[in-house]
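S.K.: Okay, here's the structure, questions in a sec.
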Amino acid sequence: MMDEICSHIADLIVNSISAEAKHIKVTIEKSKINNELSLKVSDDGKGMNESILKQVIDPFYSTKIGRKVGLGIPLLKGTAETCGGSFNIKSTPGRGTEIAVSFPLNHPDLPPLGNLKDTILVLSVSNPEVDFTFHIKNDVVNFTFDTMEIKKMLDGLPINSPEVIKFLKDYLDEHLDFFNKQ
Ligand SMILES: Nc1ncnc2c1ncn2[C@@H]1O[C@H](COP(=O)(O)OP(=O)(O)OP(=O)(O)O)[C@@H](O)[C@H]1O
Ligand SMILES: [Mg+2]
């Protein structure tokens with residue numbers, strides 16, 4: 001069972017990677033003013049047509065070979081609905097997919113966030129050929145983690161080399177502190 005928001009984020013990103021996305025944008029916003037936690041994942045992968053899109057929210061649909069049941073999206077939709085939040089999916093074949101979910105921040109069934117730092121780090125360094133842009137916001141602070149910019153800065157050094165991973169770990173620790181606190 002996916003009882004953390006970060007597991008849902010990871011599932012959406014894995015879906016985008018399976019759809020051959022090259023650039024994945026993730027926005028995570030926590031607003032106390034609006035009493036809302038919102039997530040958006042958009043990709044430039046192969047997208048889905050209308051009929052696939054309809055089936056995707058049905059847990060007995062999956063294009064994974066050897067599997068009949070895809071659970072990631074139905075579970076996320078279920079969690080959002082249980083909390084009185086919203087779930088939206090838009091997709092264009094050949095262009096990409098965008099999934100947006102929101103939850104009321106004060107709902108007792110809202111799953112815990114989980115480890116956002118490790119989620120961002122692991123996904124970014126284990127998929128070096130994919131570019132990620134993470135926007136992390138609350139009512140006061142706005143932080144962007146963009147692997148395209150990081151790769152430029154690294155000047156050829158692989159993003160998954162041990163010294164870069166260590167650097168990124170510290171960097172994310174420092175810059176994500178605000179989100180966990182507030
Ligand atoms: N970003 C995406 N781009 C294109 N197709 C997608 C995307 N996300 C999901 N899909 C399609 O929707 C199906 C269902 O996704 P879902 O995450 O619910 O299940 P799954 O990934 O197949 O299995 P699970 O998440 O349980 O491991 C996928 O098999 C894929 O065909
Ligand atoms: Mg999935």
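Simple scheme: letters A, B, ... for chains in structure tokens order, numbers from 1 for residues in each chain, numbers from 1 for ligands in the order shown.
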Just asking: which residues within region 95-159 of chain A are strand (DSSP E or B) according to DSSP, as a list in words?
M.R.: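 Selection result, strand (DSSP E or B) within region 95-159 of chain A: Gly96, Thr97, Glu98, Ile99, Ala100, Val101, Ser102, Phe103, Pro104, Asp131, Phe132, Thr133, Phe134, His135, Ile136, Lys137, Asn138, Asn142, Phe143, Thr144, Phe145 and Asp146 of chain A.
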S.K.: Given a cut-off of 6 Å, what residues near ligand 1 show up using only C-alpha atoms and all ligand atoms, put as a compact mmCIF listing (two decimals) with C-alpha atoms, in the first residue's frame?
M.R.:
# COMPACT_ATOMS: atom_id res chain seq x y z
CA ASP A 11 4.96 6.05 -9.05
CA ASN A 15 5.06 5.93 -15.20
CA SER A 16 6.50 8.93 -17.09
CA ALA A 19 6.32 6.33 -21.29
CA GLY A 45 6.35 11.03 -23.03
CA LYS A 46 4.23 9.10 -25.48
CA GLY A 47 0.89 10.06 -23.89
CA MET A 48 -2.37 8.15 -23.97
CA VAL A 56 -6.25 4.06 -16.67
CA SER A 62 -2.42 -1.91 -17.26
CA THR A 63 -0.25 -2.06 -20.38
CA LYS A 64 2.56 -3.68 -18.39
CA GLY A 70 -2.08 -1.28 -12.65
CA LEU A 71 -2.64 0.21 -9.24
CA GLY A 72 -0.63 3.38 -9.08
CA ILE A 73 -3.11 5.84 -10.56
CA PRO A 74 -6.29 4.29 -9.07
CA THR A 97 0.72 13.60 -19.93
S.K.: Between A:Asp3, A:Asp131, A:Val14, A:Phe103, which is the closest to ligand 2 once you count only C-alpha atoms and all ligand atoms?
M.R.: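 Checking each of A:Asp3, A:Asp131, A:Val14, A:Phe103 against ligand 2, counting only C-alpha atoms and all ligand atoms, the winner is A:Val14.
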S.K.: With a distance cut-off of 10 Å and only C-alpha atoms, select the neighbouring residues of Ile159 (chain A), excluding the residue or stretch itself and same-chain residues fewer than 4 positions from it, and output the selection as a list in words.
M.R.: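 After dropping sequence-adjacent residues, the list is Ser124, Val125, Ser126, Asn127, Pro128, Glu129, Thr147, Ile150, Lys151, Leu154, Glu163, Val164, Ile165 and Leu168 of chain A.
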S.K.: Let me see the file: selected residues, N, CA and C atoms, as a PDB file, in the first residue's frame.
M.R.:
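Everything below was put into out28.pdb:
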ATOM      1  N   SER A 124      16.383  11.236  -9.538  1.00  0.00           N
ATOM      2  CA  SER A 124      17.239  12.046 -10.419  1.00  0.00           C
ATOM      3  C   SER A 124      18.533  11.329 -10.787  1.00  0.00           C
ATOM      4  N   VAL A 125      19.159  10.680  -9.803  1.00  0.00           N
ATOM      5  CA  VAL A 125      20.474  10.090 -10.098  1.00  0.00           C
ATOM      6  C   VAL A 125      20.358   8.695 -10.702  1.00  0.00           C
ATOM      7  N   SER A 126      19.202   8.028 -10.503  1.00  0.00           N
ATOM      8  CA  SER A 126      19.094   6.698 -11.111  1.00  0.00           C
ATOM      9  C   SER A 126      18.529   6.750 -12.525  1.00  0.00           C
ATOM     10  N   ASN A 127      18.166   7.949 -12.973  1.00  0.00           N
ATOM     11  CA  ASN A 127      17.718   8.109 -14.361  1.00  0.00           C
ATOM     12  C   ASN A 127      18.490   9.264 -14.998  1.00  0.00           C
ATOM     13  N   PRO A 128      19.815   9.105 -15.147  1.00  0.00           N
ATOM     14  CA  PRO A 128      20.647  10.237 -15.577  1.00  0.00           C
ATOM     15  C   PRO A 128      20.303  10.759 -16.976  1.00  0.00           C
ATOM     16  N   GLU A 129      19.658   9.938 -17.785  1.00  0.00           N
ATOM     17  CA  GLU A 129      19.335  10.348 -19.157  1.00  0.00           C
ATOM     18  C   GLU A 129      18.042  11.173 -19.219  1.00  0.00           C
ATOM     19  N   THR A 147      17.609  19.363 -12.937  1.00  0.00           N
ATOM     20  CA  THR A 147      18.797  18.545 -13.252  1.00  0.00           C
ATOM     21  C   THR A 147      19.507  19.024 -14.524  1.00  0.00           C
ATOM     22  N   ILE A 150      21.878  21.495 -13.218  1.00  0.00           N
ATOM     23  CA  ILE A 150      22.917  20.809 -12.448  1.00  0.00           C
ATOM     24  C   ILE A 150      23.914  20.128 -13.383  1.00  0.00           C
ATOM     25  N   LYS A 151      23.396  19.458 -14.410  1.00  0.00           N
ATOM     26  CA  LYS A 151      24.278  18.758 -15.351  1.00  0.00           C
ATOM     27  C   LYS A 151      25.213  19.747 -16.072  1.00  0.00           C
ATOM     28  N   LEU A 154      27.961  20.607 -13.771  1.00  0.00           N
ATOM     29  CA  LEU A 154      28.874  19.491 -13.499  1.00  0.00           C
ATOM     30  C   LEU A 154      29.924  19.324 -14.590  1.00  0.00           C
ATOM     31  N   GLU A 163      30.636  11.451  -5.704  1.00  0.00           N
ATOM     32  CA  GLU A 163      30.863  12.786  -5.138  1.00  0.00           C
ATOM     33  C   GLU A 163      29.716  13.737  -5.468  1.00  0.00           C
ATOM     34  N   VAL A 164      29.107  13.551  -6.648  1.00  0.00           N
ATOM     35  CA  VAL A 164      27.962  14.399  -7.000  1.00  0.00           C
ATOM     36  C   VAL A 164      26.752  14.034  -6.131  1.00  0.00           C
ATOM     37  N   ILE A 165      26.551  12.748  -5.922  1.00  0.00           N
ATOM     38  CA  ILE A 165      25.426  12.303  -5.074  1.00  0.00           C
ATOM     39  C   ILE A 165      25.563  12.895  -3.668  1.00  0.00           C
ATOM     40  N   LEU A 168      24.715  16.570  -3.855  1.00  0.00           N
ATOM     41  CA  LEU A 168      23.277  16.804  -4.028  1.00  0.00           C
ATOM     42  C   LEU A 168      22.487  16.510  -2.757  1.00  0.00           C
TER      43      LEU A 168
END
S.K.: Give me, as number ranges by chain, the residues of region 65-154 of chain A that a backbone DSSP run labels alpha helix (DSSP H).
M.R.: A: 72-82, 116-126, 147-154
S.K.: Would you put the residues from that selection into a file with C-alpha atoms, as a PDB file, in the first residue's frame?
M.R.:
ATOM      1  CA  GLY A  72      -0.629   3.379  -9.083  1.00  0.00           C
ATOM      2  CA  ILE A  73      -3.112   5.839 -10.556  1.00  0.00           C
ATOM      3  CA  PRO A  74      -6.291   4.293  -9.072  1.00  0.00           C
ATOM      4  CA  LEU A  75      -4.711   4.349  -5.606  1.00  0.00           C
ATOM      5  CA  LEU A  76      -3.729   7.987  -5.942  1.00  0.00           C
ATOM      6  CA  LYS A  77      -7.178   8.928  -7.230  1.00  0.00           C
ATOM      7  CA  GLY A  78      -8.745   6.965  -4.367  1.00  0.00           C
ATOM      8  CA  THR A  79      -6.580   8.693  -1.777  1.00  0.00           C
ATOM      9  CA  ALA A  80      -7.420  12.116  -3.202  1.00  0.00           C
ATOM     10  CA  GLU A  81     -11.133  11.355  -3.216  1.00  0.00           C
ATOM     11  CA  THR A  82     -11.118   9.880   0.307  1.00  0.00           C
ATOM     12  CA  LEU A 116      10.957  14.086  -0.232  1.00  0.00           C
ATOM     13  CA  LYS A 117      14.720  14.602  -0.296  1.00  0.00           C
ATOM     14  CA  ASP A 118      15.522  10.942  -0.936  1.00  0.00           C
ATOM     15  CA  THR A 119      12.694  10.608  -3.453  1.00  0.00           C
ATOM     16  CA  ILE A 120      14.045  13.509  -5.527  1.00  0.00           C
ATOM     17  CA  LEU A 121      17.639  12.345  -5.173  1.00  0.00           C
ATOM     18  CA  VAL A 122      17.090   8.674  -6.024  1.00  0.00           C
ATOM     19  CA  LEU A 123      14.881   9.385  -9.035  1.00  0.00           C
ATOM     20  CA  SER A 124      17.239  12.046 -10.419  1.00  0.00           C
ATOM     21  CA  VAL A 125      20.474  10.090 -10.098  1.00  0.00           C
ATOM     22  CA  SER A 126      19.094   6.698 -11.111  1.00  0.00           C
ATOM     23  CA  THR A 147      18.797  18.545 -13.252  1.00  0.00           C
ATOM     24  CA  MET A 148      19.446  20.265 -16.596  1.00  0.00           C
ATOM     25  CA  GLU A 149      21.059  23.170 -14.754  1.00  0.00           C
ATOM     26  CA  ILE A 150      22.917  20.809 -12.448  1.00  0.00           C
ATOM     27  CA  LYS A 151      24.278  18.758 -15.351  1.00  0.00           C
ATOM     28  CA  LYS A 152      25.523  21.960 -17.036  1.00  0.00           C
ATOM     29  CA  MET A 153      27.279  22.953 -13.826  1.00  0.00           C
ATOM     30  CA  LEU A 154      28.874  19.491 -13.499  1.00  0.00           C
TER      31      LEU A 154
END
S.K.: Kindly give the distance, in Å, that separates CA of Leu37 (chain A) and CA of Leu12 (chain A), rounded to a single decimal.
M.R.: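 Atom-to-atom, CA of Leu37 (chain A) to CA of Leu12 (chain A), that is 16.3 Å.
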S.K.: So, with only C-alpha atoms and all ligand atoms as the atoms that count, which of A:Ile17, A:Glu4, A:Leu39, A:Ile33 lies closest to ligand 2?
M.R.: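 Among the listed residues, A:Ile17 lies closest to ligand 2.
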S.K.: What's the 7 Å shell around Val101 (chain A), counting only C-alpha atoms, without same-chain residues fewer than 5 positions away, as an MDAnalysis selection string?
M.R.: chainID A and resid 38:40 80 86:88
S.K.: Would you export the selected residues with N, CA and C atoms as a PDB file, in the first residue's frame, please?
M.R.:
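Okay, result00.pdb is ready:
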ATOM      1  N   SER A  38      -0.847  20.307  -3.094  1.00  0.00           N
ATOM      2  CA  SER A  38      -1.100  19.929  -4.481  1.00  0.00           C
ATOM      3  C   SER A  38       0.149  19.370  -5.147  1.00  0.00           C
ATOM      4  N   LEU A  39      -0.082  18.438  -6.037  1.00  0.00           N
ATOM      5  CA  LEU A  39       0.999  17.798  -6.791  1.00  0.00           C
ATOM      6  C   LEU A  39       0.656  17.884  -8.263  1.00  0.00           C
ATOM      7  N   LYS A  40       1.681  18.124  -9.054  1.00  0.00           N
ATOM      8  CA  LYS A  40       1.463  18.062 -10.500  1.00  0.00           C
ATOM      9  C   LYS A  40       2.686  17.406 -11.125  1.00  0.00           C
ATOM     10  N   ALA A  80      -6.970  10.725  -3.039  1.00  0.00           N
ATOM     11  CA  ALA A  80      -7.420  12.116  -3.202  1.00  0.00           C
ATOM     12  C   ALA A  80      -8.916  12.230  -2.904  1.00  0.00           C
ATOM     13  N   SER A  86      -8.973  16.565  -5.166  1.00  0.00           N
ATOM     14  CA  SER A  86      -9.309  16.445  -6.585  1.00  0.00           C
ATOM     15  C   SER A  86      -8.235  15.674  -7.340  1.00  0.00           C
ATOM     16  N   PHE A  87      -8.619  15.100  -8.461  1.00  0.00           N
ATOM     17  CA  PHE A  87      -7.703  14.343  -9.308  1.00  0.00           C
ATOM     18  C   PHE A  87      -8.003  14.686 -10.756  1.00  0.00           C
ATOM     19  N   ASN A  88      -6.983  15.037 -11.512  1.00  0.00           N
ATOM     20  CA  ASN A  88      -7.167  15.372 -12.927  1.00  0.00           C
ATOM     21  C   ASN A  88      -6.061  14.802 -13.771  1.00  0.00           C
TER      22      ASN A  88
END
S.K.: Which residue, A:Leu113, A:Phe167, A:Leu172, A:Pro108, has the smallest gap to Cys6 (chain A) when you use only C-alpha atoms?
M.R.: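 Between A:Leu113, A:Phe167, A:Leu172, A:Pro108, the residue approaching Cys6 (chain A) most closely is A:Leu113.
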